[in-house]
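Novice: So I've got this file, coords-v5.pdb, and it contains PDB, C-alpha atoms, pLDDT in the B column:
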```pdb
ATOM      1  CA  MET F  78     -92.542  46.472 -64.340  1.00 33.00           C
ATOM      2  CA  ALA F  79     -94.039  49.589 -62.749  1.00 44.00           C
ATOM      3  CA  ILE F  80     -91.563  52.061 -61.264  1.00 59.00           C
ATOM      4  CA  HIS F  81     -93.773  52.717 -58.245  1.00 69.00           C
ATOM      5  CA  ASP F  82     -96.258  50.652 -56.271  1.00 70.00           C
ATOM      6  CA  PHE F  83     -99.612  52.358 -56.858  1.00 71.00           C
ATOM      7  CA  THR F  84    -101.681  49.526 -55.403  1.00 80.00           C
ATOM      8  CA  SER F  85    -100.648  50.081 -51.769  1.00 86.00           C
ATOM      9  CA  GLU F  86    -101.842  52.898 -49.543  1.00 93.00           C
ATOM     10  CA  ARG F  87     -99.224  55.621 -49.069  1.00 96.00           C
ATOM     11  CA  LEU F  88     -98.974  57.775 -45.967  1.00 97.00           C
ATOM     12  CA  PHE F  89     -96.808  60.796 -45.195  1.00 97.00           C
ATOM     13  CA  VAL F  90     -95.408  60.668 -41.655  1.00 97.00           C
ATOM     14  CA  ASP F  91     -93.441  63.251 -39.727  1.00 93.00           C
ATOM     15  CA  ALA F  92     -91.086  60.810 -38.025  1.00 95.00           C
ATOM     16  CA  PRO F  93     -87.660  59.282 -38.769  1.00 96.00           C
ATOM     17  CA  LEU F  94     -87.812  56.107 -40.858  1.00 97.00           C
ATOM     18  CA  SER F  95     -85.439  53.166 -40.644  1.00 97.00           C
ATOM     19  CA  GLU F  96     -85.722  49.411 -40.274  1.00 97.00           C
ATOM     20  CA  GLY F  97     -87.776  48.653 -37.163  1.00 97.00           C
ATOM     21  CA  ALA F  98     -88.720  52.299 -36.512  1.00 97.00           C
ATOM     22  CA  SER F  99     -92.068  52.838 -34.776  1.00 96.00           C
ATOM     23  CA  VAL F 100     -94.352  55.580 -36.063  1.00 96.00           C
ATOM     24  CA  ALA F 101     -97.339  56.919 -34.126  1.00 96.00           C
ATOM     25  CA  CYS F 102    -100.128  58.072 -36.437  1.00 96.00           C
ATOM     26  CA  THR F 103    -101.943  61.370 -36.056  1.00 95.00           C
ATOM     27  CA  PRO F 104    -105.651  61.349 -35.085  1.00 94.00           C
ATOM     28  CA  ASP F 105    -106.661  62.057 -38.694  1.00 94.00           C
ATOM     29  CA  GLN F 106    -104.489  59.195 -39.905  1.00 95.00           C
ATOM     30  CA  VAL F 107    -105.955  56.878 -37.270  1.00 95.00           C
ATOM     31  CA  ASN F 108    -109.468  57.692 -38.471  1.00 93.00           C
ATOM     32  CA  TYR F 109    -108.482  57.208 -42.120  1.00 94.00           C
ATOM     33  CA  LEU F 110    -106.693  53.886 -41.642  1.00 94.00           C
ATOM     34  CA  ILE F 111    -109.117  52.278 -39.191  1.00 92.00           C
ATOM     35  CA  ASN F 112    -112.535  53.809 -39.884  1.00 91.00           C
ATOM     36  CA  VAL F 113    -112.259  54.578 -43.605  1.00 94.00           C
ATOM     37  CA  LEU F 114    -109.955  51.851 -44.922  1.00 93.00           C
ATOM     38  CA  ARG F 115    -110.858  49.311 -42.192  1.00 93.00           C
ATOM     39  CA  MET F 116    -107.237  48.216 -41.877  1.00 94.00           C
ATOM     40  CA  LYS F 117    -106.285  45.780 -39.122  1.00 94.00           C
ATOM     41  CA  VAL F 118    -103.138  44.794 -37.239  1.00 95.00           C
ATOM     42  CA  GLY F 119    -100.679  43.309 -39.722  1.00 94.00           C
ATOM     43  CA  ALA F 120    -101.966  45.282 -42.716  1.00 96.00           C
ATOM     44  CA  ALA F 121     -99.205  46.687 -44.948  1.00 96.00           C
ATOM     45  CA  LEU F 122     -98.819  50.177 -46.407  1.00 96.00           C
ATOM     46  CA  LEU F 123     -96.115  52.507 -47.704  1.00 97.00           C
ATOM     47  CA  VAL F 124     -94.826  55.439 -45.653  1.00 98.00           C
ATOM     48  CA  PHE F 125     -92.467  58.330 -46.424  1.00 97.00           C
ATOM     49  CA  ASN F 126     -91.315  61.494 -44.650  1.00 96.00           C
ATOM     50  CA  GLY F 127     -89.539  63.437 -47.385  1.00 94.00           C
ATOM     51  CA  ARG F 128     -86.121  62.608 -45.923  1.00 95.00           C
ATOM     52  CA  ASP F 129     -85.565  58.867 -45.563  1.00 97.00           C
ATOM     53  CA  GLY F 130     -87.083  57.410 -48.720  1.00 96.00           C
ATOM     54  CA  GLU F 131     -90.155  55.204 -48.923  1.00 97.00           C
ATOM     55  CA  TRP F 132     -90.700  52.248 -46.583  1.00 97.00           C
ATOM     56  CA  ARG F 133     -93.071  49.317 -46.410  1.00 97.00           C
ATOM     57  CA  ALA F 134     -94.627  49.333 -42.962  1.00 97.00           C
ATOM     58  CA  ARG F 135     -97.168  47.241 -41.100  1.00 97.00           C
ATOM     59  CA  ILE F 136     -99.770  48.191 -38.545  1.00 96.00           C
ATOM     60  CA  ASP F 137     -98.353  46.942 -35.247  1.00 95.00           C
ATOM     61  CA  GLN F 138    -100.823  48.290 -32.680  1.00 92.00           C
ATOM     62  CA  VAL F 139    -104.415  49.497 -32.893  1.00 93.00           C
ATOM     63  CA  SER F 140    -106.719  51.090 -30.361  1.00 87.00           C
ATOM     64  CA  LYS F 141    -109.699  53.433 -30.638  1.00 79.00           C
ATOM     65  CA  ARG F 142    -107.471  56.496 -30.675  1.00 86.00           C
ATOM     66  CA  ALA F 143    -104.029  55.240 -31.643  1.00 93.00           C
ATOM     67  CA  VAL F 144    -102.280  53.345 -34.400  1.00 95.00           C
ATOM     68  CA  VAL F 145     -98.597  52.461 -34.348  1.00 96.00           C
ATOM     69  CA  LEU F 146     -96.764  51.483 -37.530  1.00 97.00           C
ATOM     70  CA  VAL F 147     -93.447  49.653 -37.789  1.00 97.00           C
ATOM     71  CA  ALA F 148     -91.183  50.275 -40.778  1.00 97.00           C
ATOM     72  CA  GLU F 149     -89.841  47.027 -42.236  1.00 97.00           C
ATOM     73  CA  THR F 150     -88.019  47.458 -45.547  1.00 97.00           C
ATOM     74  CA  GLN F 151     -87.112  50.426 -47.712  1.00 97.00           C
ATOM     75  CA  THR F 152     -88.838  50.253 -51.083  1.00 96.00           C
ATOM     76  CA  ARG F 153     -87.217  53.363 -52.594  1.00 95.00           C
ATOM     77  CA  PRO F 154     -84.264  55.543 -51.520  1.00 95.00           C
ATOM     78  CA  GLN F 155     -84.835  59.251 -51.090  1.00 94.00           C
ATOM     79  CA  SER F 156     -84.845  61.299 -54.299  1.00 86.00           C
ATOM     80  CA  ASP F 157     -85.279  65.033 -54.009  1.00 82.00           C
ATOM     81  CA  GLY F 158     -86.227  66.154 -57.497  1.00 86.00           C
ATOM     82  CA  PRO F 159     -85.341  69.486 -59.111  1.00 93.00           C
ATOM     83  CA  ASP F 160     -84.312  72.537 -57.087  1.00 96.00           C
ATOM     84  CA  ILE F 161     -87.244  74.721 -58.168  1.00 97.00           C
ATOM     85  CA  ASP F 162     -88.985  77.412 -56.131  1.00 98.00           C
ATOM     86  CA  TYR F 163     -92.484  78.026 -57.492  1.00 98.00           C
ATOM     87  CA  LEU F 164     -93.650  81.616 -56.953  1.00 97.00           C
ATOM     88  CA  PHE F 165     -97.275  82.511 -57.582  1.00 94.00           C
ATOM     89  CA  ALA F 166     -99.941  85.053 -56.726  1.00 89.00           C
ATOM     90  CA  PRO F 167    -102.478  83.296 -54.441  1.00 86.00           C
ATOM     91  CA  LEU F 168    -105.797  82.241 -55.924  1.00 82.00           C
ATOM     92  CA  LYS F 169    -109.123  81.483 -54.294  1.00 79.00           C
ATOM     93  CA  HIS F 170    -109.737  78.103 -52.629  1.00 76.00           C
ATOM     94  CA  ALA F 171    -110.367  75.369 -55.210  1.00 85.00           C
ATOM     95  CA  ARG F 172    -108.041  76.772 -57.863  1.00 87.00           C
ATOM     96  CA  LEU F 173    -105.266  77.324 -55.317  1.00 90.00           C
ATOM     97  CA  ASP F 174    -105.764  73.735 -54.129  1.00 93.00           C
ATOM     98  CA  TYR F 175    -105.379  72.530 -57.716  1.00 93.00           C
ATOM     99  CA  MET F 176    -102.265  74.633 -58.293  1.00 93.00           C
ATOM    100  CA  VAL F 177    -100.589  73.341 -55.128  1.00 95.00           C
ATOM    101  CA  GLN F 178    -101.390  69.739 -56.026  1.00 96.00           C
ATOM    102  CA  LYS F 179    -100.025  70.039 -59.570  1.00 95.00           C
ATOM    103  CA  ALA F 180     -96.877  71.882 -58.481  1.00 96.00           C
ATOM    104  CA  THR F 181     -96.237  69.105 -55.957  1.00 96.00           C
ATOM    105  CA  GLU F 182     -96.689  66.460 -58.644  1.00 94.00           C
ATOM    106  CA  MET F 183     -94.223  68.386 -60.818  1.00 94.00           C
ATOM    107  CA  GLY F 184     -91.631  68.053 -58.056  1.00 94.00           C
ATOM    108  CA  VAL F 185     -91.077  71.637 -56.906  1.00 96.00           C
ATOM    109  CA  LYS F 186     -88.973  72.157 -53.798  1.00 97.00           C
ATOM    110  CA  ARG F 187     -90.789  75.187 -52.385  1.00 97.00           C
ATOM    111  CA  LEU F 188     -94.170  76.874 -52.775  1.00 97.00           C
ATOM    112  CA  ARG F 189     -93.846  80.642 -52.347  1.00 97.00           C
ATOM    113  CA  PRO F 190     -96.992  82.814 -52.390  1.00 95.00           C
ATOM    114  CA  VAL F 191     -96.194  86.308 -53.670  1.00 95.00           C
ATOM    115  CA  LEU F 192     -98.473  89.294 -53.074  1.00 93.00           C
ATOM    116  CA  THR F 193     -98.791  91.634 -56.037  1.00 92.00           C
ATOM    117  CA  ARG F 194    -100.842  94.733 -56.785  1.00 88.00           C
ATOM    118  CA  ARG F 195    -103.529  92.629 -58.511  1.00 81.00           C
ATOM    119  CA  THR F 196    -103.481  89.618 -56.204  1.00 79.00           C
ATOM    120  CA  ILE F 197    -107.072  88.480 -55.713  1.00 72.00           C
ATOM    121  CA  ALA F 198    -106.736  86.450 -52.511  1.00 65.00           C
ATOM    122  CA  GLU F 199    -104.244  88.013 -50.116  1.00 63.00           C
ATOM    123  CA  ARG F 200    -105.157  85.769 -47.174  1.00 77.00           C
ATOM    124  CA  VAL F 201    -103.447  82.422 -47.626  1.00 85.00           C
ATOM    125  CA  ASN F 202    -104.283  79.358 -45.551  1.00 90.00           C
ATOM    126  CA  LEU F 203    -100.835  77.812 -45.237  1.00 94.00           C
ATOM    127  CA  ASP F 204    -102.103  74.769 -43.337  1.00 94.00           C
ATOM    128  CA  ARG F 205    -104.516  74.024 -46.184  1.00 94.00           C
ATOM    129  CA  MET F 206    -101.698  74.410 -48.703  1.00 95.00           C
ATOM    130  CA  ARG F 207     -99.514  71.974 -46.754  1.00 96.00           C
ATOM    131  CA  ALA F 208    -102.365  69.481 -46.471  1.00 95.00           C
ATOM    132  CA  ASN F 209    -102.966  69.640 -50.222  1.00 96.00           C
ATOM    133  CA  ALA F 210     -99.260  69.187 -50.940  1.00 97.00           C
ATOM    134  CA  ILE F 211     -99.109  66.135 -48.645  1.00 97.00           C
ATOM    135  CA  GLU F 212    -102.204  64.592 -50.216  1.00 96.00           C
ATOM    136  CA  ALA F 213    -100.808  65.099 -53.714  1.00 96.00           C
ATOM    137  CA  ALA F 214     -97.473  63.537 -52.730  1.00 96.00           C
ATOM    138  CA  GLU F 215     -99.239  60.556 -51.173  1.00 95.00           C
ATOM    139  CA  GLN F 216    -101.350  59.952 -54.268  1.00 93.00           C
ATOM    140  CA  CYS F 217     -98.812  60.474 -57.052  1.00 92.00           C
ATOM    141  CA  GLY F 218     -95.799  58.708 -55.568  1.00 91.00           C
ATOM    142  CA  VAL F 219     -93.340  61.569 -55.107  1.00 92.00           C
ATOM    143  CA  LEU F 220     -91.026  61.325 -52.096  1.00 94.00           C
ATOM    144  CA  ARG F 221     -90.649  65.030 -51.330  1.00 93.00           C
ATOM    145  CA  VAL F 222     -93.330  67.344 -49.990  1.00 95.00           C
ATOM    146  CA  PRO F 223     -92.533  70.946 -50.954  1.00 96.00           C
ATOM    147  CA  GLU F 224     -91.852  73.486 -48.243  1.00 97.00           C
ATOM    148  CA  VAL F 225     -94.630  76.074 -47.950  1.00 97.00           C
ATOM    149  CA  VAL F 226     -93.210  79.559 -47.425  1.00 96.00           C
ATOM    150  CA  GLU F 227     -94.967  82.478 -45.769  1.00 94.00           C
ATOM    151  CA  PRO F 228     -96.519  84.962 -48.237  1.00 93.00           C
ATOM    152  CA  ALA F 229     -94.409  88.026 -49.032  1.00 94.00           C
ATOM    153  CA  LYS F 230     -94.823  91.135 -51.139  1.00 94.00           C
ATOM    154  CA  LEU F 231     -93.230  91.025 -54.574  1.00 96.00           C
ATOM    155  CA  ALA F 232     -90.844  93.893 -53.846  1.00 96.00           C
ATOM    156  CA  ALA F 233     -89.525  92.150 -50.734  1.00 97.00           C
ATOM    157  CA  VAL F 234     -89.085  88.862 -52.597  1.00 97.00           C
ATOM    158  CA  LEU F 235     -87.075  90.552 -55.363  1.00 97.00           C
ATOM    159  CA  GLU F 236     -84.947  92.477 -52.881  1.00 96.00           C
ATOM    160  CA  ALA F 237     -84.024  89.350 -50.910  1.00 97.00           C
ATOM    161  CA  TRP F 238     -83.604  87.038 -53.902  1.00 97.00           C
ATOM    162  CA  ASP F 239     -80.460  84.899 -54.056  1.00 96.00           C
ATOM    163  CA  GLY F 240     -78.727  86.000 -57.235  1.00 95.00           C
ATOM    164  CA  GLU F 241     -77.330  82.490 -57.753  1.00 96.00           C
ATOM    165  CA  ARG F 242     -80.878  81.199 -58.333  1.00 97.00           C
ATOM    166  CA  THR F 243     -82.164  82.077 -61.805  1.00 98.00           C
ATOM    167  CA  LEU F 244     -85.683  83.507 -61.723  1.00 98.00           C
ATOM    168  CA  ILE F 245     -87.705  82.371 -64.743  1.00 97.00           C
ATOM    169  CA  PHE F 246     -90.409  84.965 -65.344  1.00 96.00           C
ATOM    170  CA  CYS F 247     -93.380  83.770 -67.390  1.00 94.00           C
ATOM    171  CA  ASP F 248     -94.447  86.838 -69.363  1.00 90.00           C
ATOM    172  CA  GLU F 249     -96.597  87.184 -72.471  1.00 82.00           C
ATOM    173  CA  GLY F 250     -94.260  89.952 -73.637  1.00 81.00           C
ATOM    174  CA  ALA F 251     -91.221  87.674 -73.861  1.00 86.00           C
ATOM    175  CA  GLU F 252     -88.911  88.534 -76.727  1.00 87.00           C
ATOM    176  CA  VAL F 253     -88.416  84.851 -77.654  1.00 86.00           C
ATOM    177  CA  ALA F 254     -91.731  83.194 -78.512  1.00 86.00           C
ATOM    178  CA  ASN F 255     -90.498  79.611 -78.090  1.00 92.00           C
ATOM    179  CA  PRO F 256     -90.066  78.827 -74.362  1.00 94.00           C
ATOM    180  CA  ILE F 257     -87.856  75.796 -75.081  1.00 94.00           C
ATOM    181  CA  GLU F 258     -85.438  77.978 -77.031  1.00 94.00           C
ATOM    182  CA  ALA F 259     -85.366  80.579 -74.250  1.00 94.00           C
ATOM    183  CA  LEU F 260     -84.782  77.969 -71.535  1.00 96.00           C
ATOM    184  CA  ARG F 261     -81.896  76.353 -73.419  1.00 95.00           C
ATOM    185  CA  ALA F 262     -79.967  79.593 -72.985  1.00 94.00           C
ATOM    186  CA  ILE F 263     -80.097  79.181 -69.186  1.00 94.00           C
ATOM    187  CA  GLU F 264     -77.408  77.292 -67.285  1.00 90.00           C
ATOM    188  CA  PRO F 265     -78.787  74.392 -65.191  1.00 91.00           C
ATOM    189  CA  GLY F 266     -78.863  75.064 -61.460  1.00 94.00           C
ATOM    190  CA  PRO F 267     -81.194  76.358 -58.742  1.00 97.00           C
ATOM    191  CA  LEU F 268     -84.290  77.943 -60.258  1.00 98.00           C
ATOM    192  CA  GLY F 269     -87.349  79.988 -59.427  1.00 98.00           C
ATOM    193  CA  VAL F 270     -90.459  80.052 -61.625  1.00 98.00           C
ATOM    194  CA  LEU F 271     -92.729  83.098 -61.298  1.00 97.00           C
ATOM    195  CA  ILE F 272     -96.368  83.193 -62.452  1.00 93.00           C
ATOM    196  CA  GLY F 273     -98.422  86.356 -62.170  1.00 88.00           C
ATOM    197  CA  PRO F 274    -101.907  87.056 -60.787  1.00 86.00           C
ATOM    198  CA  GLU F 275    -105.143  86.690 -62.737  1.00 80.00           C
ATOM    199  CA  GLY F 276    -105.028  90.311 -63.872  1.00 80.00           C
ATOM    200  CA  GLY F 277    -101.349  90.200 -64.743  1.00 85.00           C
ATOM    201  CA  PHE F 278     -98.549  92.249 -63.241  1.00 90.00           C
ATOM    202  CA  ALA F 279     -98.729  96.025 -63.116  1.00 92.00           C
ATOM    203  CA  ASP F 280     -96.307  97.716 -65.516  1.00 93.00           C
ATOM    204  CA  GLU F 281     -93.984  98.818 -62.731  1.00 96.00           C
ATOM    205  CA  GLU F 282     -93.931  95.276 -61.327  1.00 96.00           C
ATOM    206  CA  ARG F 283     -93.027  93.811 -64.711  1.00 94.00           C
ATOM    207  CA  ASP F 284     -90.273  96.398 -65.095  1.00 95.00           C
ATOM    208  CA  ALA F 285     -88.913  95.601 -61.631  1.00 97.00           C
ATOM    209  CA  ILE F 286     -88.842  91.860 -62.333  1.00 97.00           C
ATOM    210  CA  ARG F 287     -87.250  92.246 -65.749  1.00 96.00           C
ATOM    211  CA  SER F 288     -84.588  94.669 -64.481  1.00 96.00           C
ATOM    212  CA  ARG F 289     -83.032  92.124 -62.120  1.00 97.00           C
ATOM    213  CA  PRO F 290     -79.820  90.507 -63.406  1.00 96.00           C
ATOM    214  CA  TYR F 291     -80.962  87.053 -62.292  1.00 97.00           C
ATOM    215  CA  THR F 292     -84.256  87.169 -64.276  1.00 97.00           C
ATOM    216  CA  ARG F 293     -84.824  85.273 -67.510  1.00 96.00           C
ATOM    217  CA  VAL F 294     -88.099  85.767 -69.394  1.00 96.00           C
ATOM    218  CA  ILE F 295     -90.043  83.042 -71.202  1.00 95.00           C
ATOM    219  CA  SER F 296     -93.346  82.908 -73.049  1.00 93.00           C
ATOM    220  CA  LEU F 297     -96.038  80.297 -72.433  1.00 91.00           C
ATOM    221  CA  GLY F 298     -97.407  80.456 -75.946  1.00 87.00           C
ATOM    222  CA  PRO F 299     -99.800  82.632 -77.940  1.00 84.00           C
ATOM    223  CA  ARG F 300    -102.830  82.152 -75.664  1.00 85.00           C
ATOM    224  CA  ILE F 301    -103.505  83.756 -72.290  1.00 83.00           C
ATOM    225  CA  LEU F 302    -103.634  80.976 -69.690  1.00 86.00           C
ATOM    226  CA  ARG F 303    -105.374  80.915 -66.357  1.00 88.00           C
ATOM    227  CA  ALA F 304    -102.886  81.020 -63.491  1.00 86.00           C
ATOM    228  CA  ASP F 305    -103.449  77.388 -62.489  1.00 88.00           C
ATOM    229  CA  THR F 306    -103.058  76.246 -66.116  1.00 91.00           C
ATOM    230  CA  ALA F 307     -99.937  78.390 -66.492  1.00 91.00           C
ATOM    231  CA  ALA F 308     -98.427  76.625 -63.476  1.00 92.00           C
ATOM    232  CA  VAL F 309     -98.636  73.235 -65.166  1.00 93.00           C
ATOM    233  CA  ALA F 310     -97.405  74.576 -68.526  1.00 94.00           C
ATOM    234  CA  ALA F 311     -94.454  76.462 -67.040  1.00 95.00           C
ATOM    235  CA  LEU F 312     -93.277  73.684 -64.755  1.00 96.00           C
ATOM    236  CA  ALA F 313     -93.588  71.131 -67.551  1.00 96.00           C
ATOM    237  CA  VAL F 314     -91.327  73.012 -69.965  1.00 96.00           C
ATOM    238  CA  VAL F 315     -88.855  73.952 -67.210  1.00 97.00           C
ATOM    239  CA  ASN F 316     -88.574  70.346 -66.058  1.00 95.00           C
ATOM    240  CA  ALA F 317     -88.162  69.154 -69.638  1.00 95.00           C
ATOM    241  CA  VAL F 318     -85.252  71.505 -70.344  1.00 96.00           C
ATOM    242  CA  LEU F 319     -83.638  72.249 -66.973  1.00 95.00           C
ATOM    243  CA  GLY F 320     -85.245  69.888 -64.445  1.00 92.00           C
ATOM    244  CA  ASP F 321     -85.199  66.136 -63.911  1.00 89.00           C
ATOM    245  CA  TRP F 322     -87.094  65.152 -67.075  1.00 85.00           C
ATOM    246  CA  ARG F 323     -83.906  65.324 -69.135  1.00 77.00           C
TER     247      ARG F 323
END
```
Will you turn the file into structure tokens for me?
Specialist:
Amino acid sequence: MAIHDFTSERLFVDAPLSEGASVACTPDQVNYLINVLRMKVGAALLVFNGRDGEWRARIDQVSKRAVVLVAETQTRPQSDGPDIDYLFAPLKHARLDYMVQKATEMGVKRLRPVLTRRTIAERVNLDRMRANAIEAAEQCGVLRVPEVVEPAKLAAVLEAWDGERTLIFCDEGAEVANPIEALRAIEPGPLGVLIGPEGGFADEERDAIRSRPYTRVISLGPRILRADTAAVAALAVVNAVLGDWR
């Protein structure tokens, strides 16, 4: 039997969910449900809000500009996934969209854009990032939509970092070539995963990251990966060793 229901439409809603709860859809959701999917009163779908689990709901009211859903039964309790902050230098449009989607699918808790000396795209559309994270969560069945944090310069991020959260730095100069071996030396707990910009970190940035007592360095193999590819590779090995794939 399948773990998740992938045949029903899933919708993220920003409203409390419980048995009998009414949920008013946003204008974009109204257009999608009524004009794109042609759903009618009584049609069923799955809804989630990142807090109260997943619920089977039915369309209760429909008008030209409004749709009201009613939650009926909980299909899955809330599960939060691993406590991973994903830190990355912003990329341009399509590749940033891809990175956000894949990080969401991998279950990260927060998306944290970090501005470095060689960051290509310093202007970050946070609303677009949130929309991509929501869409990915709706499509792949996860129950948590990662928080999207305001961009910050690398130096400020390092200065304010919580020392109780291990920062896993993905660096081609890692002393241990096998990332699994390096990760096994880390105690499970809150984590951050840091991927650099397309041109790599400047030497002084790498030195600053490595000098912090909370930093642990891993390699992502013998080949240089694009930043969006590195995101998938890094989060996969971290989840396998320290996350919720164990």
Novice: Rank F:Arg87, F:Arg195, F:Arg189, F:Arg133 by their smallest atom-to-atom distance to F:Cys217, using only C-alpha atoms, and report the top residue only.
Specialist: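 Smallest separation from F:Cys217 among the options: F:Arg87.
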Novice: What does the structure give for the distance between atom CA of F:Val219 and atom CA of F:Glu131, in Å to one decimal?
Specialist: 9.4 Å
Novice: Neighbours of stretch 161-170 of chain F within 6 Å (all atoms listed in the file; same-chain residues fewer than 3 positions away dropped), as a compact mmCIF listing (two decimals) with C-alpha atoms, in the frame of the given file?
Specialist:
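Result file around-v5.txt:
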```txt
# COMPACT_ATOMS: atom_id res chain seq x y z
CA LEU F 173 -105.27 77.32 -55.32
CA VAL F 185 -91.08 71.64 -56.91
CA LYS F 186 -88.97 72.16 -53.80
CA ARG F 187 -90.79 75.19 -52.38
CA LEU F 188 -94.17 76.87 -52.78
CA ARG F 189 -93.85 80.64 -52.35
CA PRO F 190 -96.99 82.81 -52.39
CA VAL F 191 -96.19 86.31 -53.67
CA LEU F 192 -98.47 89.29 -53.07
CA THR F 196 -103.48 89.62 -56.20
CA ALA F 198 -106.74 86.45 -52.51
CA LEU F 268 -84.29 77.94 -60.26
CA GLY F 269 -87.35 79.99 -59.43
CA VAL F 270 -90.46 80.05 -61.62
CA LEU F 271 -92.73 83.10 -61.30
CA ILE F 272 -96.37 83.19 -62.45
CA GLY F 273 -98.42 86.36 -62.17
CA PRO F 274 -101.91 87.06 -60.79
```
Novice: Here is a test: counting all atoms listed in the file, which residue of F:Ala279, F:Ala307, F:Ala134, F:Leu312 is nearest to F:Val90?
Specialist: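 Comparing F:Ala279, F:Ala307, F:Ala134, F:Leu312 against F:Val90, the winner is F:Ala134.
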Novice: Pick the closest to F:Leu260 from F:Gln138, F:Phe278, F:Gly97, F:Val315: which is it, counting all atoms listed in the file?
Specialist: F:Val315
Novice: To verify the selection step, state as an mmCIF file with C-alpha atoms, in the coordinates of the input which residues the PyMOL selection byres ((chain F and resi 208) around 12) yields on this input.
Specialist:
```
data_model
loop_
_atom_site.group_PDB
_atom_site.id
_atom_site.type_symbol
_atom_site.label_atom_id
_atom_site.label_comp_id
_atom_site.auth_asym_id
_atom_site.auth_seq_id
_atom_site.Cartn_x
_atom_site.Cartn_y
_atom_site.Cartn_z
ATOM 1 C CA PHE F 89 -96.808 60.796 -45.195
ATOM 2 C CA ASP F 105 -106.661 62.057 -38.694
ATOM 3 C CA ASP F 174 -105.764 73.735 -54.129
ATOM 4 C CA VAL F 177 -100.589 73.341 -55.128
ATOM 5 C CA GLN F 178 -101.390 69.739 -56.026
ATOM 6 C CA THR F 181 -96.237 69.105 -55.957
ATOM 7 C CA ASN F 202 -104.283 79.358 -45.551
ATOM 8 C CA LEU F 203 -100.835 77.812 -45.237
ATOM 9 C CA ASP F 204 -102.103 74.769 -43.337
ATOM 10 C CA ARG F 205 -104.516 74.024 -46.184
ATOM 11 C CA MET F 206 -101.698 74.410 -48.703
ATOM 12 C CA ARG F 207 -99.514 71.974 -46.754
ATOM 13 C CA ASN F 209 -102.966 69.640 -50.222
ATOM 14 C CA ALA F 210 -99.260 69.187 -50.940
ATOM 15 C CA ILE F 211 -99.109 66.135 -48.645
ATOM 16 C CA GLU F 212 -102.204 64.592 -50.216
ATOM 17 C CA ALA F 213 -100.808 65.099 -53.714
ATOM 18 C CA ALA F 214 -97.473 63.537 -52.730
ATOM 19 C CA GLU F 215 -99.239 60.556 -51.173
ATOM 20 C CA VAL F 222 -93.330 67.344 -49.990
ATOM 21 C CA PRO F 223 -92.533 70.946 -50.954
ATOM 22 C CA GLU F 224 -91.852 73.486 -48.243
ATOM 23 C CA VAL F 225 -94.630 76.074 -47.950
#
```
Novice: Emit a file covering stretch 221-232 of chain F of the preceding structure with N, CA and C atoms, as a PDB file, in the first residue's frame.
Specialist:
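Everything below was put into out_0.pdb:
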```pdb
ATOM      1  N   ARG F 221       5.706  19.727   5.651  1.00  0.00           N
ATOM      2  CA  ARG F 221       6.293  20.969   6.160  1.00  0.00           C
ATOM      3  C   ARG F 221       6.829  21.799   5.008  1.00  0.00           C
ATOM      4  N   VAL F 222       6.488  23.068   4.995  1.00  0.00           N
ATOM      5  CA  VAL F 222       7.047  24.006   4.028  1.00  0.00           C
ATOM      6  C   VAL F 222       8.172  24.754   4.726  1.00  0.00           C
ATOM      7  N   PRO F 223       9.391  24.725   4.196  1.00  0.00           N
ATOM      8  CA  PRO F 223      10.498  25.377   4.898  1.00  0.00           C
ATOM      9  C   PRO F 223      10.306  26.884   5.033  1.00  0.00           C
ATOM     10  N   GLU F 224      10.775  27.396   6.142  1.00  0.00           N
ATOM     11  CA  GLU F 224      10.803  28.850   6.349  1.00  0.00           C
ATOM     12  C   GLU F 224      11.829  29.461   5.406  1.00  0.00           C
ATOM     13  N   VAL F 225      11.496  30.591   4.811  1.00  0.00           N
ATOM     14  CA  VAL F 225      12.421  31.298   3.923  1.00  0.00           C
ATOM     15  C   VAL F 225      12.946  32.516   4.681  1.00  0.00           C
ATOM     16  N   VAL F 226      14.251  32.544   4.897  1.00  0.00           N
ATOM     17  CA  VAL F 226      14.887  33.572   5.708  1.00  0.00           C
ATOM     18  C   VAL F 226      15.439  34.683   4.815  1.00  0.00           C
ATOM     19  N   GLU F 227      15.420  35.892   5.324  1.00  0.00           N
ATOM     20  CA  GLU F 227      15.976  37.026   4.593  1.00  0.00           C
ATOM     21  C   GLU F 227      17.459  36.793   4.274  1.00  0.00           C
ATOM     22  N   PRO F 228      17.917  37.231   3.092  1.00  0.00           N
ATOM     23  CA  PRO F 228      19.340  37.080   2.763  1.00  0.00           C
ATOM     24  C   PRO F 228      20.222  37.834   3.755  1.00  0.00           C
ATOM     25  N   ALA F 229      21.416  37.302   4.001  1.00  0.00           N
ATOM     26  CA  ALA F 229      22.362  37.954   4.904  1.00  0.00           C
ATOM     27  C   ALA F 229      23.775  37.690   4.401  1.00  0.00           C
ATOM     28  N   LYS F 230      24.674  38.606   4.706  1.00  0.00           N
ATOM     29  CA  LYS F 230      26.064  38.423   4.311  1.00  0.00           C
ATOM     30  C   LYS F 230      26.691  37.302   5.127  1.00  0.00           C
ATOM     31  N   LEU F 231      27.627  36.602   4.497  1.00  0.00           N
ATOM     32  CA  LEU F 231      28.257  35.443   5.120  1.00  0.00           C
ATOM     33  C   LEU F 231      28.852  35.790   6.477  1.00  0.00           C
ATOM     34  N   ALA F 232      29.547  36.898   6.566  1.00  0.00           N
ATOM     35  CA  ALA F 232      30.187  37.271   7.837  1.00  0.00           C
ATOM     36  C   ALA F 232      29.162  37.424   8.948  1.00  0.00           C
TER      37      ALA F 232
END
```
